[in-house]
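What follows is a short report on a single structure.
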Amino acid sequence: MQHGDIVVILDFGSQVTQLIARRIREAGVYSEIHPCNADFEAVKALRPKALVLSGGPSSVMDQDAPPFDPRFLTLGVPILGICYGMQLLAHHLGGSVVSSTDREYGRAEFHGEPSCPLFEGIKDKERFTVWMSHGDKVQALPEGFSVMGSTPSVEFAAMGNPSAGIYALQFHPEVAHTENGALIISNFLFKVAGLKPGWSMSSFVDSTVNDLREKIGGDKVVLGLSGGIDSTVAAVLLNRAIGKQLYCIFVDNGLLRLNEREEVIGYLEEHFDLNVKCVDAADLFLNRLAGVTEPEQKRKIIGHTFIEIFDKEAKAIHGVKYLGQGTLYPDVIESVSFRGPSAIIKSHHNVGGLPEKMNLSLVEPLRELFKDEVRKAAYELGLPEALIWRHPFPGPGLAIRVIGEITRERLDILRQADKIVQNELIASDWYRKVWQGFAVLLPLKTVGVMGDGRTYEHVIALRIVDSLDAMTADWSRVPTEILARMSNRIINEVKGVNRVVLDISSKPPSTIEWE
């Protein structure tokens, strides 16, 4: 797929490498992340117009430092080194790097060289706040390089060789804490590298539809539609490309939110003429989950049952050759990390695990997109905001929000409580301010007083968090009057609940979901 100019980012293990790619794309230039041990010839074949070396937790002086092919420095394209990337450039180009006696983590005052093109357009180039995170520092610059900035504790906080088009920063311009960070990245792209913006959701949608149409031809595609934004956008893209050759399968596992099947599937069928088969499998799922309380066992039962049903339904469609999935770019990146795949925190993050015996070729129209870009694509495709901004929902559904045993009664209680949480967030204009907000049914009962009598009933926990990508999260500071309305409504309107509590833990160490 052609996206115009491309910037390749070599990842050395930084936790914020994805932010670099997102900032570059936000500037209108397509970027891809490749592991630092990526094959040189394969990257060269992409004909990148610029190269970015990311940060990372290692020291360039360590024996087990991340591998790096110095031929990347001979590509003849502009290079930007960030943090570890700066130290790597100094190390390989003849400078020197030492362990810093004063490690620097957090905000620092940066003094930039006014003539440096990276800082063009910054009102006060000689004093702005940047975000540092390093233990090593450059002690001597390579030949041909000049100091481009400093902080009170780091003499060489930025360096550059204008004739070679190579610049490096000890700080992280990609994080929000760095003032002017987006402008610095933009200056590298357009002032230093001379790139042209050519990446937009409009161009992505058009080129993807054409590519899908060409690749699939007259064949059939089957796709598991969950109602989430990823599978929905993937389905609408495929539908635009191949129409009725796409067969969507929606499995109602009895663990959905209140009215979810009707709201999502009904809209897609009516407005996009999507070819959807709804399979009502609630009884099968709930029967298999009866008496099960261990979270991982719940997930496995749900996953295996879904695969069993999906496999059966897919085989009933004659001549299917492709399996459509809503795989996103972060999933692709994590699967090729030079340190190996990221640790599995939960087993329900992706559908995955579909049986190899299906012998279907994968079609993943969203594999180049970040989550925020998927929403932009949804706007381009004409999806309504109510679907675009639906909060993330876990694959196992309410099974992991009903803590303990799953029964129809407990699911009904949670559905009603959760709907109140959603409605109050929407009514107060907080729904789009938070990443995710939902109710959790706890496996305990507490004493209460309702009317003139004592009660012994269920407890609902509210989980409302802020996040950018679900990798980290903090509890949302929702106004207390909104929380009070949620609590009052749940206790008054949901039969069987007499107490509501608020979860104020962050991720890490806690996860967003309770199970």
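Ordering of the structure tokens sets the chain letters (A, B, ...), residue numbers begin anew at 1 in every chain, and ligands are numbered from 1 in the order given.
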Would you mind writing down, as a ChimeraX atom specification, each residue of region 164-312 of chain A that DSSP on the backbone assigns to helix (DSSP H, G or I)?
/A:181-192,201-216,229-245,260-272,282-289,295-312
For Gly217 (chain A), please output as a ChimeraX atom specification all residues within 12 Å (counting only C-alpha atoms; exclusion window: fewer than 2 positions along the same chain).
/A:209-215,219-221,238,241-243,245-246,321-322
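Residue nearest Asp412 (chain A) within the list A:Lys433, A:Arg367, A:Lys191, A:Lys495: A:Lys495 [criterion: smallest interatomic distance, only C-alpha atoms].
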What's the 9 Å shell around Ser150 (chain A), counting only C-alpha atoms, without same-chain residues fewer than 6 positions away, as number ranges by chain?
A: 109-113, 156-158
Write down as a PyMOL selection string the residues of region 273-503 of chain A whose backbone DSSP state falls under strand (DSSP E or B).
chain A and resi 276-280+320-324+361-363+402+436-450+453-466+473-475+497-502
Using only C-alpha atoms, which residue out of A:Leu323, A:Ala108, A:Val147, A:Leu118 lies closest to Asn180 (chain A)?
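Among the listed residues, A:Leu118 lies closest to Asn180 (chain A).
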A:Gly496, A:Gly95, A:Gly395, A:Gly404 ranked by distance to Thr293 (chain A), top pick (using only C-alpha atoms):
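For Thr293 (chain A), the nearest of the candidates is A:Gly404.
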As an exercise, work out the distance from CA of Pro173 (chain A) to CA of Gly4 (chain A) in Å and give it to one decimal place.
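One can read the CA of Pro173 (chain A) to CA of Gly4 (chain A) distance as 23.8 Å.
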Residues near region 7-15 of chain A, anyone? I mean within 8 Å using only C-alpha atoms, not counting same-chain ones fewer than 6 positions away, as a JSON list (two decimals) with C-alpha atoms, in the first residue's frame.
[["chain", "number", "residue", "atom", "x", "y", "z"],
["A", 21, "ALA", "CA", 4.93, 7.06, 15.21],
["A", 29, "VAL", "CA", 3.55, 11.68, 7.23],
["A", 30, "TYR", "CA", 3.27, 7.89, 7.26],
["A", 31, "SER", "CA", 5.56, 6.12, 9.73],
["A", 32, "GLU", "CA", 6.31, 2.51, 10.59],
["A", 33, "ILE", "CA", 8.00, 0.99, 13.64],
["A", 34, "HIS", "CA", 10.51, -1.79, 13.07],
["A", 35, "PRO", "CA", 12.56, -3.63, 15.72],
["A", 36, "CYS", "CA", 16.14, -2.44, 16.02],
["A", 38, "ALA", "CA", 15.23, -5.47, 11.56],
["A", 43, "VAL", "CA", 14.07, -1.69, 5.55],
["A", 48, "PRO", "CA", 12.35, 5.47, 3.74],
["A", 49, "LYS", "CA", 12.82, 9.22, 3.45],
["A", 50, "ALA", "CA", 13.97, 9.57, 7.07],
["A", 51, "LEU", "CA", 15.02, 7.43, 10.02],
["A", 52, "VAL", "CA", 14.27, 7.83, 13.73],
["A", 53, "LEU", "CA", 16.18, 5.95, 16.44],
["A", 54, "SER", "CA", 13.99, 5.56, 19.51],
["A", 55, "GLY", "CA", 14.80, 5.65, 23.20],
["A", 56, "GLY", "CA", 15.28, 2.53, 25.27],
["A", 57, "PRO", "CA", 16.15, 1.27, 28.76],
["A", 66, "PRO", "CA", 20.10, -4.08, 21.67],
["A", 84, "TYR", "CA", 19.09, 6.17, 23.67],
["A", 85, "GLY", "CA", 19.07, 6.94, 19.95]]
Could you list, as a list of chain:residue names, every residue within 6 Å of Ala377 (chain A), counting only C-alpha atoms and ignoring same-chain residues fewer than 3 positions away?
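The residues satisfying every condition are A:Met201, A:Val374, A:Glu380.
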Please report the interatomic distance between CA of Asp64 (chain A) and CA of Pro509 (chain A) in Å with one decimal.
28.2 Å
For Ala45 (chain A), work out the shell of residues within 12 Å, counting only C-alpha atoms and skipping chain neighbours fewer than 6 positions away, then give it as a ChimeraX atom specification.
/A:6,8,39,75
Pull C-alpha atoms from the residues just selected and write them as a PDB file, in the first residue's frame.
ATOM      1  CA  ILE A   6       7.626   7.040   4.778  1.00  0.00           C
ATOM      2  CA  VAL A   8      11.037   4.296   9.599  1.00  0.00           C
ATOM      3  CA  ASP A  39      16.833  -6.723   8.366  1.00  0.00           C
ATOM      4  CA  LEU A  75      21.174   5.081   4.011  1.00  0.00           C
TER       5      LEU A  75
END
Nearest to Gly121 (chain A): which of A:Thr480, A:Gln325, A:Thr446, A:Asn187 is it, counting only C-alpha atoms?
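Residue with the minimum atom-to-atom distance to Gly121 (chain A): A:Asn187.
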At most 7 Å is the cut-off: for each residue in region 338-443 of chain A with any atom that close to an atom of region 453-466 of chain A, write down the nearest atom pair and the distance in Å rounded to one decimal, counting only C-alpha atoms, chain first then increasing number, as a tab-separated table.
residue	atom	partner	partner_atom	distance
A:Val434	CA	A:Asp466	CA	5.0
A:Trp435	CA	A:Asp466	CA	4.9
A:Gln436	CA	A:Val465	CA	5.6
A:Gly437	CA	A:Ile464	CA	4.0
A:Phe438	CA	A:Arg463	CA	5.5
A:Ala439	CA	A:Leu462	CA	4.8
A:Val440	CA	A:Ala461	CA	5.0
A:Leu441	CA	A:Ile460	CA	4.9
A:Leu442	CA	A:Val459	CA	5.6
Please write the residues from the selection above to a file, keeping N, CA and C atoms, as a CSV table (one decimal), in the first residue's frame.
chain,number,residue,atom,x,y,z
A,434,VAL,N,-13.6,10.5,29.3
A,434,VAL,CA,-12.9,9.3,29.9
A,434,VAL,C,-12.7,8.3,28.9
A,435,TRP,N,-11.7,7.4,29.2
A,435,TRP,CA,-11.4,6.3,28.3
A,435,TRP,C,-12.5,5.2,28.3
A,436,GLN,N,-12.9,5.0,29.6
A,436,GLN,CA,-13.8,3.8,29.8
A,436,GLN,C,-14.5,4.0,31.1
A,437,GLY,N,-15.7,3.7,31.2
A,437,GLY,CA,-16.5,3.7,32.4
A,437,GLY,C,-17.5,2.6,32.5
A,438,PHE,N,-17.5,1.8,33.6
A,438,PHE,CA,-18.4,0.7,33.6
A,438,PHE,C,-18.7,0.3,35.1
A,439,ALA,N,-19.6,-0.6,35.2
A,439,ALA,CA,-19.9,-1.2,36.5
A,439,ALA,C,-19.4,-2.6,36.7
A,440,VAL,N,-19.1,-3.0,37.9
A,440,VAL,CA,-18.6,-4.3,38.2
A,440,VAL,C,-19.5,-4.9,39.3
A,441,LEU,N,-19.9,-6.1,39.2
A,441,LEU,CA,-20.7,-6.7,40.3
A,441,LEU,C,-19.8,-7.6,41.1
A,442,LEU,N,-19.7,-7.2,42.4
A,442,LEU,CA,-18.8,-7.9,43.3
A,442,LEU,C,-19.4,-9.2,43.9
Rounded to one decimal, what separation in Å do you get between CA of Glu26 (chain A) and CA of Leu46 (chain A)?
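A separation of 20.6 Å between them.
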Using only C-alpha atoms, can you tell me which of A:Ser487, A:Thr327, A:Thr129, A:Asn423 comes closest to Glu368 (chain A)?
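Of A:Ser487, A:Thr327, A:Thr129, A:Asn423, the one nearest Glu368 (chain A), counting only C-alpha atoms, is A:Thr327.
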